[in-house]
$ cat entry-v1.cif   # mmCIF, C-alpha atoms
data_coords
loop_
_atom_site.group_PDB
_atom_site.id
_atom_site.type_symbol
_atom_site.label_atom_id
_atom_site.label_comp_id
_atom_site.auth_asym_id
_atom_site.auth_seq_id
_atom_site.Cartn_x
_atom_site.Cartn_y
_atom_site.Cartn_z
ATOM 1 C CA ASN A 188 -9.790 18.938 4.243
ATOM 2 C CA ALA A 189 -11.319 22.416 4.258
ATOM 3 C CA GLY A 190 -7.902 24.051 4.898
ATOM 4 C CA VAL A 191 -8.175 27.500 6.498
ATOM 5 C CA THR A 192 -11.695 28.869 6.828
ATOM 6 C CA GLN A 193 -12.395 32.514 7.593
ATOM 7 C CA THR A 194 -15.747 34.071 8.410
ATOM 8 C CA PRO A 195 -17.322 36.427 7.601
ATOM 9 C CA LYS A 196 -16.089 37.214 4.087
ATOM 10 C CA PHE A 197 -17.503 40.743 4.177
ATOM 11 C CA ARG A 198 -18.625 43.029 6.989
ATOM 12 C CA ILE A 199 -19.480 46.686 7.413
ATOM 13 C CA LEU A 200 -19.090 48.147 10.891
ATOM 14 C CA LYS A 201 -19.889 51.499 12.385
ATOM 15 C CA ILE A 202 -17.190 53.380 14.271
ATOM 16 C CA GLY A 203 -17.042 52.125 17.850
ATOM 17 C CA GLN A 204 -18.633 48.743 17.182
ATOM 18 C CA SER A 205 -16.839 45.502 18.000
ATOM 19 C CA MET A 206 -16.663 42.233 16.125
ATOM 20 C CA THR A 207 -14.790 38.963 15.887
ATOM 21 C CA LEU A 208 -13.255 37.504 12.739
ATOM 22 C CA GLN A 209 -13.257 33.732 12.950
ATOM 23 C CA CYS A 210 -10.456 31.523 11.664
ATOM 24 C CA ALA A 211 -10.355 27.744 11.780
ATOM 25 C CA GLN A 212 -7.920 25.228 10.295
ATOM 26 C CA ASP A 213 -8.277 21.461 10.094
ATOM 27 C CA MET A 214 -4.669 20.575 9.241
ATOM 28 C CA ASN A 215 -3.421 20.294 12.848
ATOM 29 C CA HIS A 216 -1.044 23.202 12.255
ATOM 30 C CA ASN A 217 0.704 24.596 15.303
ATOM 31 C CA TYR A 218 1.383 28.111 13.948
ATOM 32 C CA MET A 219 -1.429 30.524 13.129
ATOM 33 C CA TYR A 220 -1.220 34.143 11.990
ATOM 34 C CA TRP A 221 -3.447 37.141 11.346
ATOM 35 C CA TYR A 222 -2.429 39.673 8.693
ATOM 36 C CA ARG A 223 -4.030 42.769 7.261
ATOM 37 C CA GLN A 224 -3.549 43.880 3.693
ATOM 38 C CA ASP A 225 -2.756 47.566 3.349
ATOM 39 C CA PRO A 226 -2.498 49.023 -0.188
ATOM 40 C CA GLY A 227 1.104 49.116 -1.382
ATOM 41 C CA MET A 228 2.302 47.639 1.905
ATOM 42 C CA GLY A 229 1.742 43.953 1.367
ATOM 43 C CA LEU A 230 0.712 41.988 4.446
ATOM 44 C CA LYS A 231 1.226 43.349 7.948
ATOM 45 C CA LEU A 232 1.348 40.900 10.869
ATOM 46 C CA ILE A 233 -1.206 41.642 13.590
ATOM 47 C CA TYR A 234 -0.888 38.683 15.982
ATOM 48 C CA TYR A 235 0.398 35.155 15.845
ATOM 49 C CA SER A 236 0.253 31.956 17.866
ATOM 50 C CA VAL A 237 2.742 29.102 18.127
ATOM 51 C CA GLY A 238 0.254 26.731 19.723
ATOM 52 C CA ALA A 239 -2.859 26.485 21.860
ATOM 53 C CA GLY A 240 -2.735 28.893 24.781
ATOM 54 C CA ILE A 241 0.146 30.972 23.366
ATOM 55 C CA THR A 242 -0.233 34.241 21.460
ATOM 56 C CA ASP A 243 2.098 37.119 20.687
ATOM 57 C CA LYS A 244 1.976 40.560 19.089
ATOM 58 C CA GLY A 245 3.114 41.240 15.554
ATOM 59 C CA GLU A 246 3.810 44.545 13.814
ATOM 60 C CA VAL A 247 0.393 46.211 14.147
ATOM 61 C CA PRO A 248 -1.454 44.772 17.192
ATOM 62 C CA ASN A 249 -3.114 47.954 18.494
ATOM 63 C CA GLY A 250 -6.895 47.782 18.430
ATOM 64 C CA TYR A 251 -6.978 43.994 18.154
ATOM 65 C CA ASN A 252 -7.032 40.997 20.463
ATOM 66 C CA VAL A 253 -6.693 37.265 19.863
ATOM 67 C CA SER A 254 -7.075 34.000 21.716
ATOM 68 C CA ARG A 255 -6.018 30.433 20.949
ATOM 69 C CA SER A 256 -7.959 28.097 23.191
ATOM 70 C CA THR A 257 -7.727 25.195 20.732
ATOM 71 C CA THR A 258 -5.277 24.154 18.013
ATOM 72 C CA GLU A 259 -7.951 24.663 15.367
ATOM 73 C CA ASP A 260 -9.300 28.132 16.133
ATOM 74 C CA PHE A 261 -7.666 31.559 16.205
ATOM 75 C CA PRO A 262 -10.297 34.340 16.377
ATOM 76 C CA LEU A 263 -9.350 38.001 15.946
ATOM 77 C CA ARG A 264 -11.373 40.538 17.909
ATOM 78 C CA LEU A 265 -11.690 44.175 16.971
ATOM 79 C CA GLU A 266 -12.648 46.400 19.873
ATOM 80 C CA LEU A 267 -14.015 49.900 19.194
ATOM 81 C CA ALA A 268 -13.663 49.750 15.411
ATOM 82 C CA ALA A 269 -11.994 52.735 13.730
ATOM 83 C CA PRO A 270 -11.833 53.741 10.040
ATOM 84 C CA SER A 271 -8.113 52.901 10.091
ATOM 85 C CA GLN A 272 -9.105 49.262 10.550
ATOM 86 C CA THR A 273 -10.781 49.160 7.146
ATOM 87 C CA SER A 274 -8.787 46.465 5.391
ATOM 88 C CA VAL A 275 -8.742 42.910 4.096
ATOM 89 C CA TYR A 276 -7.778 40.473 6.819
ATOM 90 C CA PHE A 277 -6.065 37.144 6.141
ATOM 91 C CA CYS A 278 -5.661 34.258 8.517
ATOM 92 C CA ALA A 279 -2.905 31.734 7.787
ATOM 93 C CA SER A 280 -1.482 28.609 9.355
ATOM 94 C CA LYS A 281 1.542 26.359 8.997
ATOM 95 C CA PHE A 282 3.302 23.426 10.583
ATOM 96 C CA ASN A 283 6.833 24.173 11.794
ATOM 97 C CA THR A 284 9.011 25.216 8.809
ATOM 98 C CA GLY A 285 6.346 24.419 6.236
ATOM 99 C CA GLU A 286 4.548 26.811 3.927
ATOM 100 C CA LEU A 287 1.726 29.089 4.994
ATOM 101 C CA PHE A 288 -1.816 28.201 4.011
ATOM 102 C CA PHE A 289 -4.122 31.194 3.758
ATOM 103 C CA GLY A 290 -7.829 31.664 4.214
ATOM 104 C CA GLU A 291 -9.825 33.479 1.543
ATOM 105 C CA GLY A 292 -9.734 36.780 3.384
ATOM 106 C CA SER A 293 -12.306 38.926 5.180
ATOM 107 C CA ARG A 294 -13.060 42.401 3.832
ATOM 108 C CA LEU A 295 -13.945 44.780 6.636
ATOM 109 C CA THR A 296 -15.188 48.343 6.152
ATOM 110 C CA VAL A 297 -15.553 50.720 9.097
ATOM 111 C CA LEU A 298 -17.774 53.732 8.434
ATOM 112 C CA ILE B 182 12.671 45.122 14.214
ATOM 113 C CA LEU B 183 12.322 42.723 11.299
ATOM 114 C CA ASN B 184 12.599 44.699 8.063
ATOM 115 C CA VAL B 185 11.910 42.746 4.914
ATOM 116 C CA GLU B 186 12.547 44.748 1.758
ATOM 117 C CA GLN B 187 11.608 43.819 -1.790
ATOM 118 C CA SER B 188 12.680 45.413 -5.050
ATOM 119 C CA PRO B 189 11.597 46.524 -7.469
ATOM 120 C CA GLN B 190 8.137 47.590 -6.306
ATOM 121 C CA SER B 191 6.705 46.906 -9.760
ATOM 122 C CA LEU B 192 7.914 45.547 -13.037
ATOM 123 C CA HIS B 193 6.488 45.515 -16.557
ATOM 124 C CA VAL B 194 8.007 43.030 -19.030
ATOM 125 C CA GLN B 195 7.165 41.612 -22.425
ATOM 126 C CA GLU B 196 6.119 38.009 -22.902
ATOM 127 C CA GLY B 197 9.233 35.886 -23.244
ATOM 128 C CA ASP B 198 11.461 38.167 -21.150
ATOM 129 C CA SER B 199 13.273 36.725 -18.163
ATOM 130 C CA THR B 200 13.191 38.694 -14.957
ATOM 131 C CA ASN B 201 14.273 38.618 -11.340
ATOM 132 C CA PHE B 202 13.301 40.209 -8.025
ATOM 133 C CA THR B 203 15.180 40.749 -4.794
ATOM 134 C CA CYS B 204 14.211 40.163 -1.179
ATOM 135 C CA SER B 205 16.469 41.381 1.631
ATOM 136 C CA PHE B 206 15.992 40.367 5.250
ATOM 137 C CA PRO B 207 17.813 40.420 8.614
ATOM 138 C CA SER B 208 20.807 38.095 8.622
ATOM 139 C CA SER B 209 20.369 37.191 12.306
ATOM 140 C CA ASN B 210 17.883 34.733 13.847
ATOM 141 C CA PHE B 211 17.174 33.207 10.451
ATOM 142 C CA TYR B 212 14.784 30.254 10.347
ATOM 143 C CA ALA B 213 13.299 30.242 6.844
ATOM 144 C CA LEU B 214 12.610 32.427 3.819
ATOM 145 C CA HIS B 215 9.348 31.982 1.933
ATOM 146 C CA TRP B 216 8.227 33.119 -1.529
ATOM 147 C CA TYR B 217 4.523 33.462 -2.387
ATOM 148 C CA ARG B 218 2.583 34.273 -5.530
ATOM 149 C CA TRP B 219 -0.477 36.463 -5.024
ATOM 150 C CA GLU B 220 -3.032 36.991 -7.760
ATOM 151 C CA THR B 221 -5.610 39.761 -7.506
ATOM 152 C CA ALA B 222 -8.745 38.767 -5.558
ATOM 153 C CA LYS B 223 -7.140 35.512 -4.419
ATOM 154 C CA SER B 224 -5.078 34.376 -1.447
ATOM 155 C CA PRO B 225 -1.281 34.059 -1.560
ATOM 156 C CA GLU B 226 0.026 30.646 -2.594
ATOM 157 C CA ALA B 227 3.418 29.257 -1.647
ATOM 158 C CA LEU B 228 6.168 28.951 -4.247
ATOM 159 C CA PHE B 229 9.193 28.050 -2.140
ATOM 160 C CA VAL B 230 10.301 27.629 1.455
ATOM 161 C CA MET B 231 14.068 27.819 1.863
ATOM 162 C CA THR B 232 15.937 27.111 5.068
ATOM 163 C CA LEU B 233 19.634 26.584 4.240
ATOM 164 C CA ASN B 234 22.255 29.064 3.088
ATOM 165 C CA GLY B 235 22.961 28.405 -0.583
ATOM 166 C CA ASP B 236 19.569 26.773 -1.156
ATOM 167 C CA GLU B 237 18.360 26.829 -4.737
ATOM 168 C CA LYS B 238 14.782 25.792 -5.541
ATOM 169 C CA LYS B 239 13.052 25.423 -8.887
ATOM 170 C CA LYS B 240 9.457 24.961 -9.991
ATOM 171 C CA GLY B 241 8.987 24.994 -13.751
ATOM 172 C CA ARG B 242 10.199 28.367 -15.062
ATOM 173 C CA ILE B 243 10.514 29.876 -11.595
ATOM 174 C CA SER B 244 13.559 29.465 -9.388
ATOM 175 C CA ALA B 245 14.942 31.037 -6.220
ATOM 176 C CA THR B 246 18.268 31.326 -4.436
ATOM 177 C CA LEU B 247 19.100 32.097 -0.826
ATOM 178 C CA ASN B 248 22.040 33.784 0.908
ATOM 179 C CA THR B 249 21.424 33.849 4.661
ATOM 180 C CA LYS B 250 24.832 35.302 5.556
ATOM 181 C CA GLU B 251 24.242 38.510 3.625
ATOM 182 C CA GLY B 252 20.458 38.424 4.003
ATOM 183 C CA TYR B 253 19.072 38.250 0.485
ATOM 184 C CA SER B 254 17.110 35.977 -1.824
ATOM 185 C CA TYR B 255 16.479 36.229 -5.569
ATOM 186 C CA LEU B 256 13.427 34.987 -7.439
ATOM 187 C CA TYR B 257 13.894 34.335 -11.162
ATOM 188 C CA ILE B 258 11.244 33.843 -13.824
ATOM 189 C CA LYS B 259 12.482 32.520 -17.153
ATOM 190 C CA GLY B 260 10.499 33.287 -20.313
ATOM 191 C CA SER B 261 7.706 35.251 -18.603
ATOM 192 C CA GLN B 262 4.130 34.524 -19.681
ATOM 193 C CA PRO B 263 1.008 36.701 -19.187
ATOM 194 C CA GLU B 264 -0.246 34.199 -16.609
ATOM 195 C CA ASP B 265 2.826 35.006 -14.471
ATOM 196 C CA SER B 266 1.326 38.448 -13.830
ATOM 197 C CA ALA B 267 0.864 38.651 -10.070
ATOM 198 C CA THR B 268 2.415 40.106 -6.934
ATOM 199 C CA TYR B 269 5.357 38.116 -5.609
ATOM 200 C CA LEU B 270 5.860 38.257 -1.852
ATOM 201 C CA CYS B 271 8.744 37.111 0.265
ATOM 202 C CA ALA B 272 8.408 36.411 3.980
ATOM 203 C CA PHE B 273 11.096 36.143 6.659
ATOM 204 C CA ASN B 274 10.534 33.545 9.359
ATOM 205 C CA ASN B 275 12.604 33.941 12.524
ATOM 206 C CA ASN B 276 11.252 30.776 14.135
ATOM 207 C CA ASN B 277 7.934 32.182 15.346
ATOM 208 C CA ASP B 278 7.330 35.580 13.792
ATOM 209 C CA MET B 279 6.733 35.654 10.051
ATOM 210 C CA ARG B 280 6.819 38.994 8.251
ATOM 211 C CA PHE B 281 6.277 39.890 4.643
ATOM 212 C CA GLY B 282 7.867 42.384 2.323
ATOM 213 C CA ALA B 283 5.646 44.802 0.388
ATOM 214 C CA GLY B 284 5.894 42.628 -2.722
ATOM 215 C CA THR B 285 6.918 43.040 -6.353
ATOM 216 C CA ARG B 286 4.015 43.503 -8.745
ATOM 217 C CA LEU B 287 4.808 41.850 -12.084
ATOM 218 C CA THR B 288 2.881 42.616 -15.265
ATOM 219 C CA VAL B 289 3.682 40.555 -18.358
ATOM 220 C CA LYS B 290 2.425 42.034 -21.614
ATOM 221 C CA PRO B 291 1.549 39.693 -24.517
#
$ encode --input "entry-v1.cif" --output "structure tokens"
Amino acid sequence: NAGVTQTPKFRILKIGQSMTLQCAQDMNHNYMYWYRQDPGMGLKLIYYSVGAGITDKGEVPNGYNVSRSTTEDFPLRLELAAPSQTSVYFCASKFNTGELFFGEGSRLTVL
Amino acid sequence: ILNVEQSPQSLHVQEGDSTNFTCSFPSSNFYALHWYRWETAKSPEALFVMTLNGDEKKKGRISATLNTKEGYSYLYIKGSQPEDSATYLCAFNNNNDMRFGAGTRLTVKP
């Protein structure tokens, strides 16, 4: 089992560029989440999914989009990158009431 | 709005001290309360998942309690060691949504 795999680990973007952060899990988890780590603020929920074909907004969805076409994959798309989106992004998954399993994080810098 | 509050924000203790942190969360639409340990430059790792009012969980020197009616959970560390230094996060799960508090940053001095 690879667990939760995030790519890329690091990326530098210019303002206005777009990109997709990939997240894949091989544990057959139904729930998947995207968080961003803001200094002193812990983890903020961007989007989540309760199963293939279903997504919903979290606390800070503006500037992001997601899709969940399969159980395994939950990509996060950044449209028109802004400096405020400079952060470390974590993808996580779980099965029902179980614990969250996190990816290793993706550090994104927007210049 | 799902406000999850943790206190204190940071804590410095001496090796051997026992300590505790608080997590407060909405008392409605409760599904589960999670505790995670987060070391610098790593990903958060689960400590406990608690679902029932009155739940008490223990793992080695770390334990947690849950009160869903009043909306709080305590995490206790007995005899703190330098390797316990980390940020401790709680997360409130209301069935689908899962939101974290800002964390308590613990530093244990030898």
$ closest_atom_pairs --input "entry-v1.cif" --of "chain B" --to "chain A" --cutoff "6 Å" --atoms "all atoms listed in the file" --output "Markdown table"
| residue | atom | partner | partner_atom | distance |
| --- | --- | --- | --- | --- |
| B:Ser224 | CA | A:Glu291 | CA | 5.7 |
| B:Phe281 | CA | A:Leu230 | CA | 6.0 |
| B:Ala283 | CA | A:Gly229 | CA | 4.1 |
| B:Gly284 | CA | A:Gly229 | CA | 6.0 |
$ closest_residue --input "entry-v1.cif" --among "B:Gln190, B:Ser205, B:Ser199, B:Ser266" --to "B:Lys250" --atoms "all atoms listed in the file"
B:Ser205
$ closest_residue --input "entry-v1.cif" --among "A:Val191, A:Cys210, A:Leu298, A:Ala269" --to "A:Thr257" --atoms "all atoms listed in the file"
A:Cys210
$ residues_around --input "entry-v1.cif" --residues "B:Trp216" --least-positions-apart "4" --cutoff "8 Å" --atoms "only C-alpha atoms" --output "VMD selection string"
chain B and resid 227 to 230 269 to 272
$ resolve_selection --input "entry-v1.cif" --expression "the PyMOL selection byres ((chain B and resi 257) around 9)" --output "PyMOL selection string"
chain B and resi 199-202+242-246+255-256+258-259
$ atom_distance --input "entry-v1.cif" --atom1 "atom CA of A:Val247" --atom2 "atom CA of B:Thr249"
26.2 Å
$ axis_aligned_box --input "entry-v1.cif" --around "stretch 233-243 of chain A" --padding-each-side "8 Å" --output "lines of an AutoDock Vina configuration file"
center_x = -0.1
center_y = 34.1
center_z = 19.2
size_x = 21.6
size_y = 31.2
size_z = 27.2
$ resolve_selection --input "entry-v1.cif" --expression "the PyMOL selection byres ((chain B and resi 286) around 6)" --output "MDAnalysis selection string"
chainID B and resid 191 267:268 285 287
$ write_last_selection --input "entry-v1.cif" --atoms "C-alpha atoms" --output "short mmCIF file (atom, residue, chain, number, x, y, z; two decimals), keeping the file's coordinate frame"
data_model
loop_
_atom_site.label_atom_id
_atom_site.label_comp_id
_atom_site.auth_asym_id
_atom_site.auth_seq_id
_atom_site.Cartn_x
_atom_site.Cartn_y
_atom_site.Cartn_z
CA SER B 191 6.70 46.91 -9.76
CA ALA B 267 0.86 38.65 -10.07
CA THR B 268 2.42 40.11 -6.93
CA THR B 285 6.92 43.04 -6.35
CA LEU B 287 4.81 41.85 -12.08
#
$ closest_residue --input "entry-v1.cif" --among "A:Gln204, A:Asn249, A:Gln209, A:Thr296" --to "A:Thr192" --atoms "all atoms listed in the file"
A:Gln209
$ resolve_selection --input "entry-v1.cif" --expression "the PyMOL selection byres ((chain A and resi 253) around 10)" --output "count of residues only"
22
$ atom_distance --input "entry-v1.cif" --atom1 "atom CA of B:Gly235" --atom2 "atom CA of B:Val289"
28.9 Å
$ build_atoms --input "entry-v1.cif" --residues "stretch 250-282 of chain B" --atoms "N, CA and C atoms" --output "mmCIF file, in the frame of the given file"
data_model
loop_
_atom_site.group_PDB
_atom_site.id
_atom_site.type_symbol
_atom_site.label_atom_id
_atom_site.label_comp_id
_atom_site.auth_asym_id
_atom_site.auth_seq_id
_atom_site.Cartn_x
_atom_site.Cartn_y
_atom_site.Cartn_z
ATOM 1 N N LYS B 250 23.738 34.562 4.901
ATOM 2 C CA LYS B 250 24.832 35.302 5.556
ATOM 3 C C LYS B 250 24.757 36.787 5.243
ATOM 4 N N GLU B 251 24.366 37.103 4.011
ATOM 5 C CA GLU B 251 24.242 38.510 3.625
ATOM 6 C C GLU B 251 22.787 38.973 3.624
ATOM 7 N N GLY B 252 21.866 38.063 3.839
ATOM 8 C CA GLY B 252 20.458 38.424 4.003
ATOM 9 C C GLY B 252 19.747 38.811 2.727
ATOM 10 N N TYR B 253 19.844 37.961 1.682
ATOM 11 C CA TYR B 253 19.072 38.250 0.485
ATOM 12 C C TYR B 253 18.678 36.949 -0.212
ATOM 13 N N SER B 254 17.590 37.071 -0.995
ATOM 14 C CA SER B 254 17.110 35.977 -1.824
ATOM 15 C C SER B 254 16.670 36.566 -3.163
ATOM 16 N N TYR B 255 16.912 35.812 -4.239
ATOM 17 C CA TYR B 255 16.479 36.229 -5.569
ATOM 18 C C TYR B 255 15.421 35.253 -6.077
ATOM 19 N N LEU B 256 14.411 35.800 -6.735
ATOM 20 C CA LEU B 256 13.427 34.987 -7.439
ATOM 21 C C LEU B 256 13.580 35.265 -8.923
ATOM 22 N N TYR B 257 13.706 34.200 -9.722
ATOM 23 C CA TYR B 257 13.894 34.335 -11.162
ATOM 24 C C TYR B 257 12.698 33.729 -11.893
ATOM 25 N N ILE B 258 12.255 34.412 -12.939
ATOM 26 C CA ILE B 258 11.244 33.843 -13.824
ATOM 27 C C ILE B 258 11.826 33.857 -15.233
ATOM 28 N N LYS B 259 11.910 32.664 -15.825
ATOM 29 C CA LYS B 259 12.482 32.520 -17.153
ATOM 30 C C LYS B 259 11.364 32.502 -18.188
ATOM 31 N N GLY B 260 11.511 33.298 -19.261
ATOM 32 C CA GLY B 260 10.499 33.287 -20.313
ATOM 33 C C GLY B 260 9.115 33.654 -19.790
ATOM 34 N N SER B 261 8.967 34.844 -19.243
ATOM 35 C CA SER B 261 7.706 35.251 -18.603
ATOM 36 C C SER B 261 6.510 35.097 -19.534
ATOM 37 N N GLN B 262 5.396 34.670 -18.959
ATOM 38 C CA GLN B 262 4.130 34.524 -19.681
ATOM 39 C C GLN B 262 3.087 35.435 -19.034
ATOM 40 N N PRO B 263 2.050 35.834 -19.777
ATOM 41 C CA PRO B 263 1.008 36.701 -19.187
ATOM 42 C C PRO B 263 0.418 36.127 -17.902
ATOM 43 N N GLU B 264 0.320 34.804 -17.821
ATOM 44 C CA GLU B 264 -0.246 34.199 -16.609
ATOM 45 C C GLU B 264 0.686 34.309 -15.396
ATOM 46 N N ASP B 265 1.920 34.758 -15.601
ATOM 47 C CA ASP B 265 2.826 35.006 -14.471
ATOM 48 C C ASP B 265 2.527 36.334 -13.797
ATOM 49 N N SER B 266 1.669 37.146 -14.413
ATOM 50 C CA SER B 266 1.326 38.448 -13.830
ATOM 51 C C SER B 266 0.691 38.233 -12.461
ATOM 52 N N ALA B 267 1.299 38.821 -11.455
ATOM 53 C CA ALA B 267 0.864 38.651 -10.070
ATOM 54 C C ALA B 267 1.781 39.494 -9.191
ATOM 55 N N THR B 268 1.494 39.516 -7.907
ATOM 56 C CA THR B 268 2.415 40.106 -6.934
ATOM 57 C C THR B 268 3.191 38.974 -6.277
ATOM 58 N N TYR B 269 4.491 39.138 -6.193
ATOM 59 C CA TYR B 269 5.357 38.116 -5.609
ATOM 60 C C TYR B 269 5.849 38.642 -4.254
ATOM 61 N N LEU B 270 5.542 37.867 -3.227
ATOM 62 C CA LEU B 270 5.860 38.257 -1.852
ATOM 63 C C LEU B 270 6.941 37.361 -1.285
ATOM 64 N N CYS B 271 7.852 37.946 -0.530
ATOM 65 C CA CYS B 271 8.744 37.111 0.265
ATOM 66 C C CYS B 271 8.407 37.340 1.741
ATOM 67 N N ALA B 272 8.695 36.333 2.548
ATOM 68 C CA ALA B 272 8.408 36.411 3.980
ATOM 69 C C ALA B 272 9.578 35.838 4.762
ATOM 70 N N PHE B 273 9.983 36.551 5.803
ATOM 71 C CA PHE B 273 11.096 36.143 6.659
ATOM 72 C C PHE B 273 10.538 35.507 7.919
ATOM 73 N N ASN B 274 10.983 34.299 8.200
ATOM 74 C CA ASN B 274 10.534 33.545 9.359
ATOM 75 C C ASN B 274 11.692 33.425 10.337
ATOM 76 N N ASN B 275 11.534 34.040 11.524
ATOM 77 C CA ASN B 275 12.604 33.941 12.524
ATOM 78 C C ASN B 275 12.206 32.968 13.622
ATOM 79 N N ASN B 276 11.694 31.847 13.244
ATOM 80 C CA ASN B 276 11.252 30.776 14.135
ATOM 81 C C ASN B 276 9.770 30.907 14.464
ATOM 82 N N ASN B 277 9.352 32.028 15.029
ATOM 83 C CA ASN B 277 7.934 32.182 15.346
ATOM 84 C C ASN B 277 7.266 33.245 14.479
ATOM 85 N N ASP B 278 7.819 34.444 14.555
ATOM 86 C CA ASP B 278 7.330 35.580 13.792
ATOM 87 C C ASP B 278 7.514 35.329 12.299
ATOM 88 N N MET B 279 6.597 35.823 11.497
ATOM 89 C CA MET B 279 6.733 35.654 10.051
ATOM 90 C C MET B 279 6.229 36.919 9.373
ATOM 91 N N ARG B 280 7.166 37.678 8.787
ATOM 92 C CA ARG B 280 6.819 38.994 8.251
ATOM 93 C C ARG B 280 7.106 39.058 6.766
ATOM 94 N N PHE B 281 6.211 39.787 6.086
ATOM 95 C CA PHE B 281 6.277 39.890 4.643
ATOM 96 C C PHE B 281 6.885 41.205 4.187
ATOM 97 N N GLY B 282 7.515 41.160 3.015
ATOM 98 C CA GLY B 282 7.867 42.384 2.323
ATOM 99 C C GLY B 282 6.630 42.945 1.642
#
